[in-house]
$ cat input.cif   # mmCIF, C-alpha atoms
data_input
#
loop_
_atom_site.label_atom_id
_atom_site.label_comp_id
_atom_site.auth_asym_id
_atom_site.auth_seq_id
_atom_site.Cartn_x
_atom_site.Cartn_y
_atom_site.Cartn_z
CA MET A 1264 -12.03 -12.33 -5.57
CA LEU A 1265 -13.44 -8.83 -5.74
CA LYS A 1266 -13.47 -7.08 -9.11
CA LEU A 1267 -13.96 -3.34 -9.38
CA LYS A 1268 -17.07 -2.51 -11.38
CA GLU A 1269 -16.19 -0.47 -14.45
CA GLU A 1270 -18.81 2.18 -13.66
CA GLU A 1271 -17.35 2.65 -10.15
CA ARG A 1272 -13.75 3.38 -11.15
CA SER A 1273 -14.18 7.16 -10.86
CA ALA A 1274 -14.91 6.81 -7.13
CA PHE A 1275 -11.30 5.68 -6.67
CA LYS A 1276 -9.69 8.80 -8.18
CA THR A 1277 -10.09 10.85 -4.99
CA PRO A 1278 -6.96 10.50 -2.84
CA PHE A 1279 -7.14 9.12 0.72
CA GLY A 1280 -5.26 12.08 2.13
CA GLU A 1281 -3.03 14.98 1.33
CA ILE A 1282 -1.08 14.98 -1.95
CA ASN A 1283 2.53 16.04 -1.60
CA PRO A 1284 4.86 16.81 -4.50
CA SER A 1285 7.52 14.35 -3.30
CA VAL A 1286 8.61 11.99 -0.56
CA GLU A 1287 11.47 14.38 0.20
CA ASN A 1288 8.92 16.97 1.42
CA LEU A 1289 7.59 14.39 3.92
CA LYS A 1290 10.91 13.26 5.33
CA ASN A 1291 10.58 15.02 8.72
CA ILE A 1292 6.99 13.80 9.25
CA LEU A 1293 7.99 10.24 8.41
CA LYS A 1294 11.00 10.25 10.72
CA LYS A 1295 8.76 11.51 13.54
CA TYR A 1296 6.39 8.60 12.89
CA LYS A 1297 9.23 6.10 12.98
CA ASN A 1298 10.58 7.64 16.20
CA ASN A 1299 7.13 7.30 17.80
CA HIS A 1300 6.96 3.63 16.81
CA LYS A 1301 4.08 4.16 14.37
CA LEU A 1302 3.92 2.00 11.25
CA ILE A 1303 4.71 3.29 7.79
CA VAL A 1304 3.31 1.47 4.77
CA SER A 1305 4.22 2.20 1.14
CA ILE A 1306 2.33 1.02 -1.90
CA GLY A 1307 3.87 1.22 -5.34
CA ASP A 1308 7.36 0.86 -6.69
CA ALA A 1309 8.11 4.57 -7.25
CA THR A 1310 6.89 5.53 -3.76
CA THR A 1311 8.87 2.72 -2.14
CA ILE A 1312 12.05 3.48 -4.12
CA ASN A 1313 11.76 7.19 -3.24
CA LEU A 1314 11.34 6.36 0.45
CA HIS A 1315 14.42 4.13 0.33
CA ASN A 1316 16.36 6.92 -1.41
CA GLU A 1317 15.48 9.19 1.53
CA GLY A 1318 16.73 6.57 4.01
CA ILE A 1319 13.23 5.54 5.16
CA ILE A 1320 12.46 1.82 5.15
CA PRO A 1321 8.70 1.28 5.54
CA ASP A 1322 7.45 -1.41 7.87
CA LEU A 1323 5.46 -2.79 4.93
CA SER A 1324 5.92 -2.13 1.23
CA ILE A 1325 3.80 -3.54 -1.58
CA ILE A 1326 5.20 -3.46 -5.11
CA ASP A 1327 4.55 -5.08 -8.48
CA ASN A 1328 7.91 -4.31 -10.16
CA GLN A 1329 6.19 -1.81 -12.44
CA ILE A 1330 6.06 1.97 -12.63
CA GLY A 1331 3.32 3.42 -14.80
CA ARG A 1332 2.39 -0.07 -16.05
CA LYS A 1333 5.95 -0.62 -17.33
CA LYS A 1334 8.35 -3.17 -15.86
CA ILE A 1335 11.15 -1.53 -13.96
CA THR A 1336 14.79 -2.23 -14.71
CA LYS A 1337 16.87 -4.51 -12.55
CA ASP A 1338 18.81 -1.48 -11.24
CA ASN A 1339 15.61 0.05 -9.82
CA LYS A 1340 14.30 -3.12 -8.20
CA ILE A 1341 13.86 -2.94 -4.49
CA ASN A 1342 16.31 -5.22 -2.72
CA LEU A 1343 16.83 -3.48 0.60
CA TYR A 1344 14.54 -5.78 2.57
CA ASP A 1345 16.71 -8.19 4.49
CA ASN A 1346 13.84 -9.55 6.54
CA VAL A 1347 10.72 -11.07 4.99
CA GLN A 1348 9.48 -11.09 1.41
CA LEU A 1349 5.97 -12.37 0.64
CA HIS A 1350 4.24 -12.90 -2.70
CA ALA A 1351 0.63 -12.68 -3.88
CA LYS A 1352 -1.24 -12.83 -7.16
CA ASN A 1353 -3.61 -9.96 -7.81
CA PRO A 1354 -4.84 -9.21 -11.36
CA PRO A 1355 -5.48 -5.57 -12.35
CA GLY A 1356 -8.75 -4.11 -11.03
CA THR A 1357 -9.14 -6.76 -8.34
CA ILE A 1358 -8.56 -7.59 -4.71
CA THR A 1359 -7.91 -11.30 -4.36
CA GLN A 1360 -8.28 -13.35 -1.21
CA GLU A 1361 -4.57 -14.13 -1.62
CA LEU A 1362 -3.69 -10.42 -1.50
CA TRP A 1363 -5.96 -9.87 1.49
CA ASN A 1364 -4.48 -12.83 3.39
CA THR A 1365 -0.92 -11.77 2.54
CA VAL A 1366 -1.49 -8.21 3.80
CA SER A 1367 -3.02 -9.62 6.98
CA LYS A 1368 -0.07 -12.00 7.45
CA ALA A 1369 2.37 -9.10 6.87
CA PHE A 1370 0.85 -7.00 9.66
CA GLY A 1371 1.15 -10.02 11.95
CA LEU A 1372 4.84 -10.41 11.09
CA ILE A 1373 5.47 -6.70 11.65
CA LYS A 1374 4.36 -7.21 15.27
CA SER A 1375 7.30 -9.64 15.58
CA GLY A 1376 9.73 -6.95 14.46
CA PHE A 1377 10.06 -7.69 10.75
CA ASN A 1378 9.98 -5.29 7.83
CA ILE A 1379 7.92 -6.86 5.05
CA LEU A 1380 8.02 -6.55 1.27
CA ILE A 1381 5.04 -7.97 -0.63
CA VAL A 1382 5.72 -8.53 -4.32
CA ILE A 1383 2.55 -8.70 -6.38
CA ASP A 1384 2.21 -10.77 -9.51
CA GLY A 1385 -0.28 -8.52 -11.28
CA GLU A 1386 -1.11 -5.08 -9.92
CA GLU A 1387 -0.83 -3.53 -6.46
CA ASP A 1388 -2.93 -0.37 -6.98
CA LEU A 1389 -5.97 -1.53 -4.99
CA ALA A 1390 -3.84 -2.89 -2.12
CA VAL A 1391 -4.50 0.46 -0.45
CA LEU A 1392 -7.96 -0.80 0.57
CA PRO A 1393 -6.97 -3.93 2.53
CA CYS A 1394 -4.05 -2.02 4.07
CA VAL A 1395 -6.29 0.76 5.37
CA ILE A 1396 -8.79 -1.73 6.81
CA ILE A 1397 -6.26 -4.15 8.34
CA ALA A 1398 -3.59 -1.66 9.52
CA PRO A 1399 -3.39 -0.97 13.25
CA PRO A 1400 -4.41 2.47 14.55
CA GLY A 1401 -1.90 5.23 13.91
CA THR A 1402 -0.51 3.72 10.71
CA LEU A 1403 0.64 6.08 7.97
CA LEU A 1404 0.23 4.89 4.39
CA LEU A 1405 1.90 6.40 1.32
CA TYR A 1406 1.10 5.75 -2.33
CA GLY A 1407 1.59 7.52 -5.62
CA GLN A 1408 -1.07 9.62 -7.31
CA PRO A 1409 0.01 9.52 -10.98
CA GLY A 1410 1.09 12.90 -12.30
CA GLU A 1411 0.45 14.62 -8.96
CA GLY A 1412 2.75 13.29 -6.25
CA VAL A 1413 2.57 11.05 -3.22
CA VAL A 1414 -0.51 10.67 -1.02
CA LEU A 1415 -0.03 10.74 2.74
CA CYS A 1416 -2.90 8.76 4.29
CA GLU A 1417 -3.55 8.50 8.00
CA VAL A 1418 -5.47 5.22 7.95
CA ASP A 1419 -7.62 6.04 11.00
CA LYS A 1420 -9.28 8.85 9.04
CA PHE A 1421 -10.19 6.64 6.07
CA LYS A 1422 -11.34 3.30 7.50
CA ASP A 1423 -15.06 4.11 7.14
CA LYS A 1424 -14.66 5.51 3.61
CA THR A 1425 -12.63 2.45 2.63
CA LYS A 1426 -15.34 0.10 3.87
CA GLU A 1427 -17.87 2.02 1.77
CA LEU A 1428 -15.62 1.72 -1.29
CA MET A 1429 -15.36 -2.05 -0.77
CA ASP A 1430 -19.07 -2.23 -1.63
CA LYS A 1431 -18.30 -0.94 -5.14
CA PHE A 1432 -16.77 -4.28 -6.08
CA GLU A 1433 -18.49 -7.37 -7.39
CA GLY A 1434 -17.56 -10.85 -6.25
CA ASP A 1435 -16.86 -12.43 -2.92
CA LEU A 1436 -14.13 -12.00 -0.33
CA THR A 1437 -14.18 -12.76 3.37
CA TRP A 1438 -13.10 -9.32 4.52
CA LYS A 1439 -16.04 -8.18 6.63
CA SER A 1440 -14.97 -10.34 9.57
CA ILE A 1441 -12.05 -7.96 10.18
#

$ encode --input "input.cif" --output "structure tokens"
Amino acid sequence: MLKLKEEERSAFKTPFGEINPSVENLKNILKKYKNNHKLIVSIGDATTINLHNEGIIPDLSIIDNQIGRKKITKDNKINLYDNVQLHAKNPPGTITQELWNTVSKAFGLIKSGFNILIVIDGEEDLAVLPCVIIAPPGTLLLYGQPGEGVVLCEVDKFKDKTKELMDKFEGDLTWKSI
């Protein structure tokens, strides 16, 4: 398991892309991506719910059934995935081997035509890192930036930066073989 060093937390405040006020503003871009058979990944319950409300089902979504560290109500839970649901444990401030393996498995299943929902027992915030590293070229990743909006990340532009950020963790994880 990798644990984020307390003194390194500030390095993770800079978004991995352009901040947009809402998913609604991105609707046309996202539909173009889908039409060009590019993958869309969402991380976070609010981002995923907002995408669903706009009629966009990501190829991969990662949630923890919380918004702003508060459990979401049953009415807001995401239940639109009729394909595959995976689960992983990932405590706050960490990236577990289980999370890493589950993200890797999800991208493999997407190749077979499935939409995947990963439900995290713990916290999904740092799932952005394994997604950026593992995602195939051309993938678009969306996640919430609290109080600011939704980040639109083209993973190809952030793979090197993500690998640098992985060095800010302590612990062990077999990710460098990717």

$ resolve_selection --input "input.cif" --expression "the PyMOL selection byres ((chain A and resi 1377) around 12)" --output "VMD selection string"
chain A and resid 1302 1320 to 1324 1344 to 1349 1368 to 1376 1378 to 1380

$ closest_residue --input "input.cif" --among "A:Asp1327, A:Glu1287, A:Asp1435, A:Glu1417" --to "Glu1387 of chain A" --atoms "only C-alpha atoms"
A:Asp1327

$ residues_around --input "input.cif" --residues "Leu1405 of chain A" --least-positions-apart "5" --cutoff "6 Å" --atoms "all atoms listed in the file" --output "count of residues only"
3

$ resolve_selection --input "input.cif" --expression "the PyMOL selection byres ((chain A and resi 1307) around 7)" --output "number ranges by chain"
A: 1305-1306, 1308-1311, 1325-1326, 1387, 1406-1407

$ write_last_selection --input "input.cif" --atoms "C-alpha atoms" --output "PDB file, in the frame of the given file"
ATOM      1  CA  SER A1305       4.220   2.200   1.140  1.00  0.00           C
ATOM      2  CA  ILE A1306       2.330   1.020  -1.900  1.00  0.00           C
ATOM      3  CA  ASP A1308       7.360   0.860  -6.690  1.00  0.00           C
ATOM      4  CA  ALA A1309       8.110   4.570  -7.250  1.00  0.00           C
ATOM      5  CA  THR A1310       6.890   5.530  -3.760  1.00  0.00           C
ATOM      6  CA  THR A1311       8.870   2.720  -2.140  1.00  0.00           C
ATOM      7  CA  ILE A1325       3.800  -3.540  -1.580  1.00  0.00           C
ATOM      8  CA  ILE A1326       5.200  -3.460  -5.110  1.00  0.00           C
ATOM      9  CA  GLU A1387      -0.830  -3.530  -6.460  1.00  0.00           C
ATOM     10  CA  TYR A1406       1.100   5.750  -2.330  1.00  0.00           C
ATOM     11  CA  GLY A1407       1.590   7.520  -5.620  1.00  0.00           C
TER      12      GLY A1407
END

$ residues_around --input "input.cif" --residues "segment 1270-1274 of chain A" --least-positions-apart "4" --cutoff "10 Å" --atoms "all atoms listed in the file" --output "list in words"
Pro1278, Gly1356, Leu1428, Asp1430, Lys1431 and Phe1432 of chain A

$ atom_distance --input "input.cif" --atom1 "atom CA of Thr1357 of chain A" --atom2 "atom CA of Asn1313 of chain A"
25.6 Å

$ resolve_selection --input "input.cif" --expression "the PyMOL selection byres ((chain A and resi 1264) around 12)" --output "VMD selection string"
chain A and resid 1265 to 1267 1352 to 1364 1429 1432 to 1438

$ atom_distance --input "input.cif" --atom1 "atom CA of Val1418 of chain A" --atom2 "atom CA of Val1395 of chain A"
5.2 Å

$ atom_distance --input "input.cif" --atom1 "atom CA of Lys1422 of chain A" --atom2 "atom CA of Ile1282 of chain A"
18.2 Å

$ closest_residue --input "input.cif" --among "A:Glu1427, A:Val1286, A:Ala1398, A:Lys1268" --to "His1315 of chain A" --atoms "all atoms listed in the file"
A:Val1286

$ residues_around --input "input.cif" --residues "Gly1412 of chain A" --least-positions-apart "3" --cutoff "8 Å" --atoms "all atoms listed in the file" --output "list of chain:residue names"
A:Ile1282, A:Asn1283, A:Pro1284, A:Ser1285, A:Gly1407, A:Gln1408, A:Pro1409

$ closest_residue --input "input.cif" --among "A:Phe1279, A:Lys1333, A:Ile1319, A:Leu1314" --to "Asn1298 of chain A" --atoms "all atoms listed in the file"
A:Ile1319

$ build_atoms --input "input.cif" --residues "segment 1292-1325 of chain A" --atoms "N, CA and C atoms" --output "PDB file, in the coordinates of the input"
ATOM      1  N   ILE A1292       8.202  14.435   8.713  1.00  0.00           N
ATOM      2  CA  ILE A1292       6.990  13.800   9.250  1.00  0.00           C
ATOM      3  C   ILE A1292       7.202  12.305   9.400  1.00  0.00           C
ATOM      4  N   LEU A1293       7.795  11.689   8.388  1.00  0.00           N
ATOM      5  CA  LEU A1293       7.990  10.240   8.410  1.00  0.00           C
ATOM      6  C   LEU A1293       8.978   9.821   9.482  1.00  0.00           C
ATOM      7  N   LYS A1294      10.025  10.583   9.667  1.00  0.00           N
ATOM      8  CA  LYS A1294      11.000  10.250  10.720  1.00  0.00           C
ATOM      9  C   LYS A1294      10.362  10.360  12.095  1.00  0.00           C
ATOM     10  N   LYS A1295       9.482  11.357  12.281  1.00  0.00           N
ATOM     11  CA  LYS A1295       8.760  11.510  13.540  1.00  0.00           C
ATOM     12  C   LYS A1295       7.896  10.270  13.807  1.00  0.00           C
ATOM     13  N   TYR A1296       7.214   9.802  12.764  1.00  0.00           N
ATOM     14  CA  TYR A1296       6.390   8.600  12.890  1.00  0.00           C
ATOM     15  C   TYR A1296       7.225   7.419  13.313  1.00  0.00           C
ATOM     16  N   LYS A1297       8.348   7.220  12.647  1.00  0.00           N
ATOM     17  CA  LYS A1297       9.230   6.100  12.980  1.00  0.00           C
ATOM     18  C   LYS A1297       9.718   6.214  14.424  1.00  0.00           C
ATOM     19  N   ASN A1298      10.089   7.431  14.837  1.00  0.00           N
ATOM     20  CA  ASN A1298      10.580   7.640  16.200  1.00  0.00           C
ATOM     21  C   ASN A1298       9.505   7.385  17.246  1.00  0.00           C
ATOM     22  N   ASN A1299       8.237   7.561  16.876  1.00  0.00           N
ATOM     23  CA  ASN A1299       7.130   7.300  17.800  1.00  0.00           C
ATOM     24  C   ASN A1299       6.565   5.887  17.659  1.00  0.00           C
ATOM     25  N   HIS A1300       7.311   5.044  16.982  1.00  0.00           N
ATOM     26  CA  HIS A1300       6.960   3.630  16.810  1.00  0.00           C
ATOM     27  C   HIS A1300       5.606   3.428  16.123  1.00  0.00           C
ATOM     28  N   LYS A1301       5.274   4.316  15.203  1.00  0.00           N
ATOM     29  CA  LYS A1301       4.080   4.160  14.370  1.00  0.00           C
ATOM     30  C   LYS A1301       4.500   3.483  13.080  1.00  0.00           C
ATOM     31  N   LEU A1302       3.592   2.732  12.482  1.00  0.00           N
ATOM     32  CA  LEU A1302       3.920   2.000  11.250  1.00  0.00           C
ATOM     33  C   LEU A1302       3.827   2.904  10.031  1.00  0.00           C
ATOM     34  N   ILE A1303       4.732   2.640   9.098  1.00  0.00           N
ATOM     35  CA  ILE A1303       4.710   3.290   7.790  1.00  0.00           C
ATOM     36  C   ILE A1303       4.560   2.209   6.737  1.00  0.00           C
ATOM     37  N   VAL A1304       3.589   2.410   5.858  1.00  0.00           N
ATOM     38  CA  VAL A1304       3.310   1.470   4.770  1.00  0.00           C
ATOM     39  C   VAL A1304       3.456   2.224   3.451  1.00  0.00           C
ATOM     40  N   SER A1305       4.132   1.607   2.482  1.00  0.00           N
ATOM     41  CA  SER A1305       4.220   2.200   1.140  1.00  0.00           C
ATOM     42  C   SER A1305       3.630   1.239   0.128  1.00  0.00           C
ATOM     43  N   ILE A1306       2.908   1.814  -0.822  1.00  0.00           N
ATOM     44  CA  ILE A1306       2.330   1.020  -1.900  1.00  0.00           C
ATOM     45  C   ILE A1306       2.790   1.629  -3.216  1.00  0.00           C
ATOM     46  N   GLY A1307       3.373   0.783  -4.040  1.00  0.00           N
ATOM     47  CA  GLY A1307       3.870   1.220  -5.340  1.00  0.00           C
ATOM     48  C   GLY A1307       5.383   1.262  -5.375  1.00  0.00           C
ATOM     49  N   ASP A1308       5.912   0.928  -6.533  1.00  0.00           N
ATOM     50  CA  ASP A1308       7.360   0.860  -6.690  1.00  0.00           C
ATOM     51  C   ASP A1308       8.021   2.234  -6.577  1.00  0.00           C
ATOM     52  N   ALA A1309       7.488   3.242  -7.273  1.00  0.00           N
ATOM     53  CA  ALA A1309       8.110   4.570  -7.250  1.00  0.00           C
ATOM     54  C   ALA A1309       8.107   5.129  -5.828  1.00  0.00           C
ATOM     55  N   THR A1310       6.979   5.023  -5.132  1.00  0.00           N
ATOM     56  CA  THR A1310       6.890   5.530  -3.760  1.00  0.00           C
ATOM     57  C   THR A1310       7.899   4.816  -2.861  1.00  0.00           C
ATOM     58  N   THR A1311       7.964   3.501  -2.987  1.00  0.00           N
ATOM     59  CA  THR A1311       8.870   2.720  -2.140  1.00  0.00           C
ATOM     60  C   THR A1311      10.332   3.035  -2.462  1.00  0.00           C
ATOM     61  N   ILE A1312      10.674   3.136  -3.730  1.00  0.00           N
ATOM     62  CA  ILE A1312      12.050   3.480  -4.120  1.00  0.00           C
ATOM     63  C   ILE A1312      12.403   4.867  -3.587  1.00  0.00           C
ATOM     64  N   ASN A1313      11.486   5.828  -3.723  1.00  0.00           N
ATOM     65  CA  ASN A1313      11.760   7.190  -3.240  1.00  0.00           C
ATOM     66  C   ASN A1313      11.936   7.232  -1.722  1.00  0.00           C
ATOM     67  N   LEU A1314      11.153   6.441  -1.003  1.00  0.00           N
ATOM     68  CA  LEU A1314      11.340   6.360   0.450  1.00  0.00           C
ATOM     69  C   LEU A1314      12.715   5.807   0.786  1.00  0.00           C
ATOM     70  N   HIS A1315      13.095   4.733   0.103  1.00  0.00           N
ATOM     71  CA  HIS A1315      14.420   4.130   0.330  1.00  0.00           C
ATOM     72  C   HIS A1315      15.521   5.149   0.034  1.00  0.00           C
ATOM     73  N   ASN A1316      15.355   5.912  -1.046  1.00  0.00           N
ATOM     74  CA  ASN A1316      16.360   6.920  -1.410  1.00  0.00           C
ATOM     75  C   ASN A1316      16.496   8.001  -0.341  1.00  0.00           C
ATOM     76  N   GLU A1317      15.447   8.214   0.432  1.00  0.00           N
ATOM     77  CA  GLU A1317      15.480   9.190   1.530  1.00  0.00           C
ATOM     78  C   GLU A1317      15.903   8.544   2.857  1.00  0.00           C
ATOM     79  N   GLY A1318      16.270   7.270   2.819  1.00  0.00           N
ATOM     80  CA  GLY A1318      16.730   6.570   4.010  1.00  0.00           C
ATOM     81  C   GLY A1318      15.598   6.089   4.912  1.00  0.00           C
ATOM     82  N   ILE A1319      14.387   5.988   4.370  1.00  0.00           N
ATOM     83  CA  ILE A1319      13.230   5.540   5.160  1.00  0.00           C
ATOM     84  C   ILE A1319      12.792   4.178   4.642  1.00  0.00           C
ATOM     85  N   ILE A1320      12.881   3.178   5.504  1.00  0.00           N
ATOM     86  CA  ILE A1320      12.460   1.820   5.150  1.00  0.00           C
ATOM     87  C   ILE A1320      11.091   1.599   5.787  1.00  0.00           C
ATOM     88  N   PRO A1321      10.031   1.513   4.978  1.00  0.00           N
ATOM     89  CA  PRO A1321       8.700   1.280   5.540  1.00  0.00           C
ATOM     90  C   PRO A1321       8.615  -0.065   6.266  1.00  0.00           C
ATOM     91  N   ASP A1322       7.692  -0.148   7.185  1.00  0.00           N
ATOM     92  CA  ASP A1322       7.450  -1.410   7.870  1.00  0.00           C
ATOM     93  C   ASP A1322       6.869  -2.434   6.897  1.00  0.00           C
ATOM     94  N   LEU A1323       6.053  -1.949   5.968  1.00  0.00           N
ATOM     95  CA  LEU A1323       5.460  -2.790   4.930  1.00  0.00           C
ATOM     96  C   LEU A1323       5.488  -2.031   3.620  1.00  0.00           C
ATOM     97  N   SER A1324       5.973  -2.692   2.581  1.00  0.00           N
ATOM     98  CA  SER A1324       5.920  -2.130   1.230  1.00  0.00           C
ATOM     99  C   SER A1324       5.275  -3.163   0.319  1.00  0.00           C
ATOM    100  N   ILE A1325       4.454  -2.666  -0.599  1.00  0.00           N
ATOM    101  CA  ILE A1325       3.800  -3.540  -1.580  1.00  0.00           C
ATOM    102  C   ILE A1325       4.138  -3.002  -2.962  1.00  0.00           C
TER     103      ILE A1325
END
